[in-house]
>>> print(open('query31.pdb').read())   # PDB, C-alpha atoms (C1' of nucleotides)
ATOM      1  CA  MET A   1      50.611   5.183 -22.863
ATOM      2  CA  ARG A   2      51.628   8.793 -23.354
ATOM      3  CA  PRO A   3      55.113   9.479 -24.655
ATOM      4  CA  LEU A   4      57.914  10.275 -22.201
ATOM      5  CA  MET A   5      58.067  14.020 -21.636
ATOM      6  CA  HIS A   6      61.386  15.837 -21.338
ATOM      7  CA  PRO A   7      61.673  19.562 -20.694
ATOM      8  CA  SER A   8      63.951  21.537 -23.017
ATOM      9  CA  VAL A   9      67.148  22.720 -21.326
ATOM     10  CA  ASP A  10      65.779  26.255 -21.146
ATOM     11  CA  ASP A  11      62.787  25.068 -19.175
ATOM     12  CA  ILE A  12      64.871  23.370 -16.509
ATOM     13  CA  THR A  13      64.637  25.273 -13.228
ATOM     14  CA  VAL A  14      66.857  25.329 -10.169
ATOM     15  CA  GLU A  15      63.839  24.698  -7.938
ATOM     16  CA  GLY A  16      62.895  21.710 -10.085
ATOM     17  CA  ILE A  17      66.373  20.236  -9.720
ATOM     18  CA  MET A  18      66.345  20.901  -5.972
ATOM     19  CA  HIS A  19      62.993  19.219  -5.593
ATOM     20  CA  ALA A  20      63.984  16.181  -7.625
ATOM     21  CA  LEU A  21      67.124  15.762  -5.538
ATOM     22  CA  SER A  22      65.429  16.331  -2.183
ATOM     23  CA  ASP A  23      64.351  12.689  -1.976
ATOM     24  CA  PRO A  24      67.064  10.256  -0.785
ATOM     25  CA  LEU A  25      65.991   7.463  -3.116
ATOM     26  CA  ARG A  26      65.843   9.798  -6.097
ATOM     27  CA  VAL A  27      69.322  11.134  -5.395
ATOM     28  CA  GLN A  28      70.633   7.588  -5.164
ATOM     29  CA  ILE A  29      69.049   6.750  -8.506
ATOM     30  CA  PHE A  30      70.330   9.943 -10.085
ATOM     31  CA  LEU A  31      73.876   9.418  -8.818
ATOM     32  CA  GLY A  32      73.760   5.858 -10.131
ATOM     33  CA  ILE A  33      72.735   7.129 -13.553
ATOM     34  CA  ALA A  34      75.249   9.978 -13.486
ATOM     35  CA  TYR A  35      78.148   7.707 -12.542
ATOM     36  CA  ALA A  36      77.097   4.830 -14.818
ATOM     37  CA  GLN A  37      79.037   4.429 -18.018
ATOM     38  CA  CYS A  38      76.065   2.577 -19.495
ATOM     39  CA  ALA A  39      72.422   3.694 -19.449
ATOM     40  CA  GLN A  40      70.424   2.393 -16.516
ATOM     41  CA  THR A  41      66.964   0.853 -16.515
ATOM     42  CA  CYS A  42      64.231   1.189 -13.956
ATOM     43  CA  SER A  43      64.635  -2.435 -12.874
ATOM     44  CA  THR A  44      68.271  -1.855 -11.994
ATOM     45  CA  TYR A  45      66.936  -0.143  -8.902
ATOM     46  CA  LEU A  46      64.236  -2.593  -7.845
ATOM     47  CA  GLU A  47      66.368  -3.575  -4.833
ATOM     48  CA  ILE A  48      68.550  -0.524  -4.371
ATOM     49  CA  SER A  49      68.425  -0.690  -0.566
ATOM     50  CA  GLU A  50      67.678  -3.467   1.926
ATOM     51  CA  GLN A  51      64.009  -3.796   1.077
ATOM     52  CA  ALA A  52      62.550  -3.947  -2.416
ATOM     53  CA  ILE A  53      61.127  -0.737  -3.868
ATOM     54  CA  PRO A  54      57.686  -1.201  -5.484
ATOM     55  CA  LYS A  55      57.981  -0.679  -9.206
ATOM     56  CA  SER A  56      55.137   1.822  -9.357
ATOM     57  CA  THR A  57      57.079   3.920  -6.861
ATOM     58  CA  LEU A  58      60.253   3.559  -8.889
ATOM     59  CA  SER A  59      58.401   4.551 -12.017
ATOM     60  CA  GLN A  60      57.159   7.734 -10.325
ATOM     61  CA  HIS A  61      60.662   8.580  -9.157
ATOM     62  CA  PHE A  62      62.064   8.137 -12.656
ATOM     63  CA  LYS A  63      59.270  10.331 -13.941
ATOM     64  CA  ALA A  64      60.138  13.030 -11.400
ATOM     65  CA  LEU A  65      63.809  12.924 -12.410
ATOM     66  CA  ARG A  66      62.860  13.015 -16.081
ATOM     67  CA  GLU A  67      60.437  15.920 -15.741
ATOM     68  CA  SER A  68      62.905  17.942 -13.702
ATOM     69  CA  GLY A  69      65.282  17.582 -16.648
ATOM     70  CA  LEU A  70      67.915  15.604 -14.764
ATOM     71  CA  ILE A  71      67.662  12.457 -16.856
ATOM     72  CA  ARG A  72      66.780  11.387 -20.374
ATOM     73  CA  SER A  73      64.668   8.242 -20.860
ATOM     74  CA  GLU A  74      64.580   6.363 -24.156
ATOM     75  CA  ARG A  75      62.723   3.215 -24.936
ATOM     76  CA  LYS A  76      65.054   0.488 -26.162
ATOM     77  CA  GLY A  77      62.897  -2.507 -26.953
ATOM     78  CA  VAL A  78      61.082  -3.708 -23.893
ATOM     79  CA  GLU A  79      63.019  -1.567 -21.464
ATOM     80  CA  ILE A  80      63.710   2.126 -20.990
ATOM     81  CA  HIS A  81      67.274   3.369 -20.922
ATOM     82  CA  ASN A  82      68.060   6.303 -18.694
ATOM     83  CA  SER A  83      71.043   8.583 -18.967
ATOM     84  CA  SER A  84      71.939  11.813 -17.233
ATOM     85  CA  ARG A  85      71.574  15.262 -18.800
ATOM     86  CA  CYS A  86      74.471  16.661 -16.770
ATOM     87  CA  GLU A  87      76.304  18.118 -19.802
ATOM     88  CA  GLU A  88      73.239  20.057 -20.965
ATOM     89  CA  ILE A  89      72.457  21.294 -17.465
ATOM     90  CA  ASP A  90      76.059  22.310 -16.977
ATOM     91  CA  GLN A  91      75.767  24.570 -20.023
ATOM     92  CA  ARG A  92      72.828  26.348 -18.447
ATOM     93  CA  PHE A  93      73.915  26.250 -14.797
ATOM     94  CA  PRO A  94      77.692  25.773 -14.806
ATOM     95  CA  GLY A  95      78.993  23.872 -11.797
ATOM     96  CA  LEU A  96      75.615  23.279 -10.156
ATOM     97  CA  ILE A  97      75.308  19.538 -10.672
ATOM     98  CA  SER A  98      78.940  18.814  -9.930
ATOM     99  CA  ALA A  99      78.720  20.806  -6.693
ATOM    100  CA  ILE A 100      75.735  18.708  -5.654
ATOM    101  CA  ILE A 101      77.511  15.484  -6.607
ATOM    102  CA  ASP A 102      80.606  16.548  -4.665
ATOM    103  CA  ALA A 103      78.500  17.381  -1.620
ATOM    104  CA  HIS A 104      76.990  13.920  -1.772
ATOM    105  CA  LYS A 105      80.438  12.346  -1.963
ATOM    106  CA  ILE A 106      81.417  14.233   1.195
ATOM    107  CA  GLN A 107      78.194  13.276   2.926
ATOM    108  CA  SER A 108      78.397   9.567   2.145
ATOM    109  CA  GLU A 109      82.113   9.404   2.943
ATOM    110  CA  ARG A 110      81.429  10.922   6.353
ATOM    111  CA  LYS A 111      78.547   8.518   6.915
ATOM    112  CA  ARG A 112      80.874   5.591   6.191
ATOM    113  CA  VAL A 113      83.467   6.906   8.653
ATOM    114  CA  LEU A 114      80.876   7.377  11.396
ATOM    115  CA  GLU A 115      79.479   3.881  10.885
ATOM    116  CA  ARG A 116      82.919   2.303  11.034
ATOM    117  CA  ARG A 117      83.701   4.250  14.208
ATOM    118  CA  LYS A 118      80.430   3.101  15.769
ATOM    119  CA  LYS A 119      81.115  -0.525  14.879
ATOM    120  CA  LEU A 120      84.594  -0.357  16.425
ATOM    121  CA  LYS A 121      83.168   1.190  19.564
ATOM    122  CA  ALA A 122      80.525  -1.526  19.845
ATOM    123  CA  ALA A 123      83.196  -4.215  19.440
ATOM    124  CA  ALA A 124      85.385  -2.681  22.160
TER     125      ALA A 124
ATOM    126  CA  MET B   1      56.813  28.649  22.899
ATOM    127  CA  ARG B   2      59.608  26.152  22.341
ATOM    128  CA  PRO B   3      63.079  27.495  21.669
ATOM    129  CA  LEU B   4      64.272  27.838  18.070
ATOM    130  CA  MET B   5      65.992  24.628  16.991
ATOM    131  CA  HIS B   6      69.110  24.695  14.831
ATOM    132  CA  PRO B   7      70.891  21.579  13.626
ATOM    133  CA  SER B   8      74.628  21.378  14.227
ATOM    134  CA  VAL B   9      76.681  21.747  11.033
ATOM    135  CA  ASP B  10      77.403  18.024  11.025
ATOM    136  CA  ASP B  11      73.713  17.227  10.981
ATOM    137  CA  ILE B  12      73.018  19.341   7.898
ATOM    138  CA  THR B  13      72.228  17.111   4.923
ATOM    139  CA  VAL B  14      72.338  17.731   1.206
ATOM    140  CA  GLU B  15      68.779  16.424   0.842
ATOM    141  CA  GLY B  16      67.659  18.801   3.580
ATOM    142  CA  ILE B  17      69.197  21.746   1.779
ATOM    143  CA  MET B  18      67.688  20.635  -1.528
ATOM    144  CA  HIS B  19      64.269  20.315   0.042
ATOM    145  CA  ALA B  20      64.444  23.695   1.733
ATOM    146  CA  LEU B  21      65.433  25.328  -1.543
ATOM    147  CA  SER B  22      62.872  23.493  -3.682
ATOM    148  CA  ASP B  23      60.178  26.017  -2.822
ATOM    149  CA  PRO B  24      60.261  29.288  -4.810
ATOM    150  CA  LEU B  25      59.255  31.464  -1.886
ATOM    151  CA  ARG B  26      61.773  29.847   0.421
ATOM    152  CA  VAL B  27      64.580  30.356  -2.093
ATOM    153  CA  GLN B  28      63.609  33.998  -2.428
ATOM    154  CA  ILE B  29      63.711  34.411   1.353
ATOM    155  CA  PHE B  30      66.996  32.562   1.628
ATOM    156  CA  LEU B  31      68.633  34.617  -1.117
ATOM    157  CA  GLY B  32      67.388  37.778   0.570
ATOM    158  CA  ILE B  33      68.986  36.698   3.827
ATOM    159  CA  ALA B  34      72.182  35.513   2.136
ATOM    160  CA  TYR B  35      72.634  38.777   0.222
ATOM    161  CA  ALA B  36      71.560  41.028   3.098
ATOM    162  CA  GLN B  37      74.292  42.802   4.965
ATOM    163  CA  CYS B  38      71.980  43.112   7.966
ATOM    164  CA  ALA B  39      69.908  40.322   9.539
ATOM    165  CA  GLN B  40      66.408  39.974   8.159
ATOM    166  CA  THR B  41      63.168  39.562  10.066
ATOM    167  CA  CYS B  42      60.131  37.526   9.170
ATOM    168  CA  SER B  43      58.056  40.647   8.558
ATOM    169  CA  THR B  44      60.496  41.858   5.913
ATOM    170  CA  TYR B  45      58.888  39.259   3.682
ATOM    171  CA  LEU B  46      55.226  39.831   4.442
ATOM    172  CA  GLU B  47      54.793  41.286   0.959
ATOM    173  CA  ILE B  48      57.660  39.737  -0.928
ATOM    174  CA  SER B  49      55.632  39.261  -4.115
ATOM    175  CA  GLU B  50      52.501  40.910  -5.516
ATOM    176  CA  GLN B  51      50.126  39.445  -2.939
ATOM    177  CA  ALA B  52      50.711  39.340   0.796
ATOM    178  CA  ILE B  53      52.008  36.101   2.293
ATOM    179  CA  PRO B  54      50.118  34.993   5.423
ATOM    180  CA  LYS B  55      52.411  35.268   8.407
ATOM    181  CA  SER B  56      51.732  31.724   9.605
ATOM    182  CA  THR B  57      52.946  30.527   6.217
ATOM    183  CA  LEU B  58      56.007  32.731   6.432
ATOM    184  CA  SER B  59      56.737  31.454   9.910
ATOM    185  CA  GLN B  60      56.653  27.851   8.631
ATOM    186  CA  HIS B  61      58.997  28.719   5.766
ATOM    187  CA  PHE B  62      61.472  30.332   8.147
ATOM    188  CA  LYS B  63      61.226  27.246  10.331
ATOM    189  CA  ALA B  64      61.947  25.003   7.333
ATOM    190  CA  LEU B  65      65.002  27.084   6.407
ATOM    191  CA  ARG B  66      66.181  27.080  10.011
ATOM    192  CA  GLU B  67      65.759  23.327  10.499
ATOM    193  CA  SER B  68      67.522  22.539   7.240
ATOM    194  CA  GLY B  69      70.473  24.481   8.650
ATOM    195  CA  LEU B  70      70.435  27.230   6.027
ATOM    196  CA  ILE B  71      69.689  30.095   8.397
ATOM    197  CA  ARG B  72      70.235  31.065  12.003
ATOM    198  CA  SER B  73      67.387  32.760  13.902
ATOM    199  CA  GLU B  74      67.971  34.800  17.033
ATOM    200  CA  ARG B  75      65.455  36.663  19.050
ATOM    201  CA  LYS B  76      66.342  40.352  19.337
ATOM    202  CA  GLY B  77      63.693  41.952  21.482
ATOM    203  CA  VAL B  78      60.302  41.632  19.907
ATOM    204  CA  GLU B  79      61.559  40.399  16.577
ATOM    205  CA  ILE B  80      63.684  37.521  15.341
ATOM    206  CA  HIS B  81      66.818  38.230  13.356
ATOM    207  CA  ASN B  82      67.761  35.798  10.641
ATOM    208  CA  SER B  83      71.169  35.383   9.100
ATOM    209  CA  SER B  84      72.582  32.819   6.712
ATOM    210  CA  ARG B  85      74.815  29.936   7.755
ATOM    211  CA  CYS B  86      76.607  29.925   4.387
ATOM    212  CA  GLU B  87      80.125  30.037   5.886
ATOM    213  CA  GLU B  88      79.499  27.016   8.105
ATOM    214  CA  ILE B  89      77.855  25.058   5.303
ATOM    215  CA  ASP B  90      80.691  25.933   2.988
ATOM    216  CA  GLN B  91      83.083  24.315   5.429
ATOM    217  CA  ARG B  92      81.145  21.078   5.257
ATOM    218  CA  PHE B  93      80.093  21.187   1.597
ATOM    219  CA  PRO B  94      82.528  23.511  -0.166
ATOM    220  CA  GLY B  95      81.032  25.331  -3.131
ATOM    221  CA  LEU B  96      77.533  23.911  -2.794
ATOM    222  CA  ILE B  97      75.673  27.000  -1.663
ATOM    223  CA  SER B  98      77.535  29.350  -3.979
ATOM    224  CA  ALA B  99      76.800  27.073  -6.950
ATOM    225  CA  ILE B 100      73.106  27.204  -6.076
ATOM    226  CA  ILE B 101      73.208  30.974  -5.651
ATOM    227  CA  ASP B 102      75.006  31.358  -8.992
ATOM    228  CA  ALA B 103      72.436  29.140 -10.707
ATOM    229  CA  HIS B 104      69.681  31.352  -9.336
ATOM    230  CA  LYS B 105      71.444  34.452 -10.619
ATOM    231  CA  ILE B 106      71.552  32.907 -14.090
ATOM    232  CA  GLN B 107      67.928  31.846 -13.863
ATOM    233  CA  SER B 108      66.594  35.209 -12.758
ATOM    234  CA  GLU B 109      68.754  37.105 -15.245
ATOM    235  CA  ARG B 110      67.365  34.979 -18.051
ATOM    236  CA  LYS B 111      63.838  35.500 -16.777
ATOM    237  CA  ARG B 112      64.371  39.268 -16.854
ATOM    238  CA  VAL B 113      65.671  39.109 -20.442
ATOM    239  CA  LEU B 114      62.709  37.023 -21.599
ATOM    240  CA  GLU B 115      60.231  39.360 -19.961
ATOM    241  CA  ARG B 116      61.815  42.429 -21.529
ATOM    242  CA  ARG B 117      61.786  40.704 -24.925
ATOM    243  CA  LYS B 118      58.120  39.827 -24.490
ATOM    244  CA  LYS B 119      57.231  43.381 -23.541
ATOM    245  CA  LEU B 120      59.037  44.791 -26.588
ATOM    246  CA  LYS B 121      57.267  42.294 -28.807
ATOM    247  CA  ALA B 122      53.879  43.248 -27.341
ATOM    248  CA  ALA B 123      54.634  46.946 -27.895
ATOM    249  CA  ALA B 124      55.606  46.368 -31.546
TER     250      ALA B 124
ATOM    251  C1'  DT C   1      52.611  47.200  37.387
ATOM    252  C1'  DT C   2      49.207  46.769  33.784
ATOM    253  C1'  DC C   3      48.073  47.219  29.120
ATOM    254  C1'  DA C   4      48.291  47.849  24.193
ATOM    255  C1'  DA C   5      51.194  47.092  20.237
ATOM    256  C1'  DT C   6      54.323  44.358  17.609
ATOM    257  C1'  DA C   7      56.370  40.017  15.970
ATOM    258  C1'  DG C   8      56.095  35.621  15.570
ATOM    259  C1'  DT C   9      54.400  30.614  16.847
ATOM    260  C1'  DT C  10      51.144  26.942  17.228
ATOM    261  C1'  DC C  11      46.845  24.552  16.318
ATOM    262  C1'  DG C  12      43.091  22.773  13.469
ATOM    263  C1'  DT C  13      41.630  21.633   9.193
ATOM    264  C1'  DA C  14      41.227  21.699   4.268
ATOM    265  C1'  DA C  15      43.968  20.959   0.038
ATOM    266  C1'  DA C  16      47.945  19.113  -2.411
ATOM    267  C1'  DA C  17      51.577  15.760  -2.967
ATOM    268  C1'  DC C  18      53.265  10.909  -2.259
ATOM    269  C1'  DA C  19      53.419   5.823  -1.923
ATOM    270  C1'  DT C  20      51.878   1.622  -3.447
ATOM    271  C1'  DG C  21      48.903  -2.520  -4.918
ATOM    272  C1'  DA C  22      46.203  -3.763  -8.821
ATOM    273  C1'  DA C  23      45.172  -3.371 -13.436
ATOM    274  C1'  DC C  24      46.786  -1.894 -17.782
ATOM    275  C1'  DT C  25      50.032  -1.050 -22.091
ATOM    276  C1'  DA C  26      53.980  -1.724 -25.057
ATOM    277  C1'  DT C  27      57.541  -4.633 -26.986
ATOM    278  C1'  DT C  28      59.757  -8.862 -27.989
ATOM    279  C1'  DG C  29      60.660 -13.613 -28.844
ATOM    280  C1'  DA C  30      58.869 -18.213 -29.109
TER     281       DA C  30
ATOM    282  C1'  DT D   1      48.920 -15.368 -31.365
ATOM    283  C1'  DC D   2      50.517 -15.646 -26.894
ATOM    284  C1'  DA D   3      53.394 -15.566 -22.810
ATOM    285  C1'  DA D   4      57.061 -12.952 -20.624
ATOM    286  C1'  DT D   5      59.238  -8.713 -19.421
ATOM    287  C1'  DA D   6      59.403  -3.777 -18.357
ATOM    288  C1'  DG D   7      57.204  -0.104 -17.227
ATOM    289  C1'  DT D   8      52.869   3.099 -16.716
ATOM    290  C1'  DT D   9      48.505   4.500 -14.920
ATOM    291  C1'  DC D  10      44.747   4.445 -11.702
ATOM    292  C1'  DA D  11      42.564   4.329  -7.096
ATOM    293  C1'  DT D  12      43.172   5.135  -2.509
ATOM    294  C1'  DG D  13      45.278   5.630   1.950
ATOM    295  C1'  DT D  14      49.003   8.475   4.110
ATOM    296  C1'  DT D  15      51.866  12.412   4.654
ATOM    297  C1'  DT D  16      52.930  17.109   3.925
ATOM    298  C1'  DT D  17      51.683  21.816   3.226
ATOM    299  C1'  DA D  18      48.920  26.227   3.506
ATOM    300  C1'  DC D  19      46.646  29.407   6.147
ATOM    301  C1'  DG D  20      43.019  31.519   9.398
ATOM    302  C1'  DA D  21      42.332  31.853  14.250
ATOM    303  C1'  DA D  22      44.034  31.738  18.655
ATOM    304  C1'  DC D  23      48.063  31.995  21.416
ATOM    305  C1'  DT D  24      52.868  33.596  23.393
ATOM    306  C1'  DA D  25      56.720  36.614  24.088
ATOM    307  C1'  DT D  26      58.790  41.163  24.420
ATOM    308  C1'  DT D  27      58.708  46.044  24.724
ATOM    309  C1'  DG D  28      57.394  50.677  25.694
ATOM    310  C1'  DA D  29      54.188  53.688  27.510
ATOM    311  C1'  DA D  30      50.485  55.095  30.805
TER     312       DA D  30
END
>>> encode(input="query31.pdb", output="structure tokens")
Amino acid sequence: MRPLMHPSVDDITVEGIMHALSDPLRVQIFLGIAYAQCAQTCSTYLEISEQAIPKSTLSQHFKALRESGLIRSERKGVEIHNSSRCEEIDQRFPGLISAIIDAHKIQSERKRVLERRKKLKAAA
Amino acid sequence: MRPLMHPSVDDITVEGIMHALSDPLRVQIFLGIAYAQCAQTCSTYLEISEQAIPKSTLSQHFKALRESGLIRSERKGVEIHNSSRCEEIDQRFPGLISAIIDAHKIQSERKRVLERRKKLKAAA
DNA sequence: TTCAATAGTTCGTAAAACATGAACTATTGA
DNA sequence: TCAATAGTTCATGTTTTACGAACTATTGAA
């Protein structure tokens, strides 16, 4: 098994970040890691949504996040601990990650509101 | 030929924007349109880099930008004028687009510096 | 009007990227 | 040494993307 590859901060690209965060599942994973006070493992996300995510798929998504430079993965015994590289990225691209995180907050808040509204309408 | 489809501001998603801007050529086109004081046409970009970009490819890229909500395309006679939807997007996701644009400025400035350094080194 | 020129779209297909089950590897604890 | 756990890698079917060729829309001139 080859060692986990991480790009140096200088090799992180905007396009790479955009691509990594263009997949809904990957964003969800990344936000989970970014918000988490403790490092997250791959298995944390085995049932992130209604249906189970195959672990090979999860593994690929973690790899994509890692190779874009968004997360750091370190083996801790039998599992791999993932943490965000937000601070490093913020040094290189100030405000980028937080703007994306804020946009996601707005988007998911609006989604919640719309769903509640829909439910009320259906009940009426 | 079906009419040009534009999502309403409320249907613009962060993932959609990320995806649209995850391609280097598309970012270049988008930045060109965002910076431009006048609306840009598809043909403006036929030779954006060293080699010519096939126009069917360009057309698809413009379509991707349009359907992500990043640009507005309007037929003006024989050509189609493209302009950015930055203001609208900024209403929905304040600061997102400008953070991405700033990050690109940093990235391309750094690239320029590295290339100059390399050239000087080669000359020495 | 018809026709050529210009600007861009759409279609078909070949190439690249993705998703996932099955098999494999690494680490730990019994 | 071996079973259990956590994750990776491989093989393959599916989806997305790139681009040449053919098509459509608009204009301006004959």
>>> interface_residues(input="query31.pdb", of="chain A", to="chain B", cutoff="8 Å", atoms="all atoms listed in the file", output="list of chain:residue names")
A:Thr13, A:Val14, A:Glu15, A:Gly16, A:Ile17, A:Met18, A:His19, A:Leu21, A:Ser22, A:Asp23, A:Pro24, A:Arg92, A:Phe93, A:Pro94, A:Gly95, A:Leu96, A:Ala99, A:Ile100, A:Asp102, A:Ala103, A:His104, A:Ile106, A:Gln107
>>> atom_distance(input="query31.pdb", atom1="atom CA of B:Cys86", atom2="atom CA of B:Gln40")
14.8 Å
>>> closest_atom_pairs(input="query31.pdb", of="chain A", to="chain D", cutoff="7 Å", atoms="only C-alpha atoms (C1' of nucleotides)", output="CSV")
residue,atom,partner,partner_atom,distance
A:Met1,CA,D:DT8,C1',6.9
A:Val78,CA,D:DA6,C1',5.8
A:Glu79,CA,D:DA6,C1',5.3
>>> atom_distance(input="query31.pdb", atom1="atom CA of B:His6", atom2="atom CA of B:Gln28")
20.4 Å
>>> atom_distance(input="query31.pdb", atom1="atom CA of A:Gly69", atom2="atom CA of A:Arg26")
13.1 Å
>>> interface_residues(input="query31.pdb", of="chain C", to="chain A", cutoff="7 Å", atoms="all atoms listed in the file", output="list in words")
DA19, DT20, DT25, DT27 and DT28 of chain C
>>> axis_aligned_box(input="query31.pdb", around="stretch 4-22 of chain D", padding_each_side="3 Å", output="lines of an AutoDock Vina configuration file")
center_x = 50.9
center_y = 9.5
center_z = -1.0
size_x = 23.1
size_y = 50.8
size_z = 45.3
>>> residues_around(input="query31.pdb", residues="A:Thr44", least_positions_apart="4", cutoff="12 Å", atoms="only C-alpha atoms (C1' of nucleotides)", output="JSON, numbers by chain")
{"A": [28, 29, 32, 33, 36, 38, 39, 40, 48, 49, 52, 53, 55, 58, 59, 62, 79, 80, 81, 82], "D": [6]}
>>> residues_around(input="query31.pdb", residues="B:Pro7", least_positions_apart="4", cutoff="12 Å", atoms="all atoms listed in the file", output="compact mmCIF listing (two decimals) with C-alpha atoms, keeping the file's coordinate frame")
# COMPACT_ATOMS: atom_id res chain seq x y z
CA ASP B 11 73.71 17.23 10.98
CA ILE B 12 73.02 19.34 7.90
CA THR B 13 72.23 17.11 4.92
CA GLY B 16 67.66 18.80 3.58
CA ILE B 17 69.20 21.75 1.78
CA LYS B 63 61.23 27.25 10.33
CA ALA B 64 61.95 25.00 7.33
CA LEU B 65 65.00 27.08 6.41
CA ARG B 66 66.18 27.08 10.01
CA GLU B 67 65.76 23.33 10.50
CA SER B 68 67.52 22.54 7.24
CA GLY B 69 70.47 24.48 8.65
CA LEU B 70 70.44 27.23 6.03
CA ILE B 71 69.69 30.10 8.40
CA ARG B 72 70.24 31.06 12.00
CA SER B 73 67.39 32.76 13.90
CA ARG B 85 74.82 29.94 7.76
CA GLU B 88 79.50 27.02 8.10
CA ILE B 89 77.86 25.06 5.30
>>> build_atoms(input="query31.pdb", residues="stretch 98-114 of chain B", atoms="N, CA and C atoms", output="tab-separated table (two decimals), in the frame of the given file")
chain	number	residue	atom	x	y	z
B	98	SER	N	77.24	28.32	-2.97
B	98	SER	CA	77.54	29.35	-3.98
B	98	SER	C	77.14	28.88	-5.38
B	99	ALA	N	77.24	27.59	-5.64
B	99	ALA	CA	76.80	27.07	-6.95
B	99	ALA	C	75.30	27.27	-7.11
B	100	ILE	N	74.56	27.04	-6.03
B	100	ILE	CA	73.11	27.20	-6.08
B	100	ILE	C	72.76	28.69	-6.26
B	101	ILE	N	73.45	29.54	-5.53
B	101	ILE	CA	73.21	30.97	-5.65
B	101	ILE	C	73.52	31.44	-7.07
B	102	ASP	N	74.65	30.99	-7.62
B	102	ASP	CA	75.01	31.36	-8.99
B	102	ASP	C	73.94	30.90	-9.98
B	103	ALA	N	73.45	29.67	-9.81
B	103	ALA	CA	72.44	29.14	-10.71
B	103	ALA	C	71.19	30.02	-10.66
B	104	HIS	N	70.85	30.48	-9.46
B	104	HIS	CA	69.68	31.35	-9.34
B	104	HIS	C	69.90	32.69	-10.01
B	105	LYS	N	71.13	33.20	-9.93
B	105	LYS	CA	71.44	34.45	-10.62
B	105	LYS	C	71.20	34.28	-12.11
B	106	ILE	N	71.72	33.19	-12.66
B	106	ILE	CA	71.55	32.91	-14.09
B	106	ILE	C	70.07	32.80	-14.44
B	107	GLN	N	69.35	32.06	-13.60
B	107	GLN	CA	67.93	31.85	-13.86
B	107	GLN	C	67.14	33.15	-13.84
B	108	SER	N	67.40	33.99	-12.85
B	108	SER	CA	66.59	35.21	-12.76
B	108	SER	C	67.03	36.24	-13.80
B	109	GLU	N	68.30	36.21	-14.16
B	109	GLU	CA	68.75	37.10	-15.24
B	109	GLU	C	68.06	36.73	-16.55
B	110	ARG	N	68.01	35.44	-16.83
B	110	ARG	CA	67.36	34.98	-18.05
B	110	ARG	C	65.87	35.32	-18.07
B	111	LYS	N	65.26	35.18	-16.89
B	111	LYS	CA	63.84	35.50	-16.78
B	111	LYS	C	63.60	36.98	-17.11
B	112	ARG	N	64.47	37.83	-16.57
B	112	ARG	CA	64.37	39.27	-16.85
B	112	ARG	C	64.47	39.53	-18.35
B	113	VAL	N	65.46	38.93	-19.00
B	113	VAL	CA	65.67	39.11	-20.44
B	113	VAL	C	64.43	38.69	-21.23
B	114	LEU	N	63.88	37.53	-20.88
B	114	LEU	CA	62.71	37.02	-21.60
B	114	LEU	C	61.52	37.94	-21.42
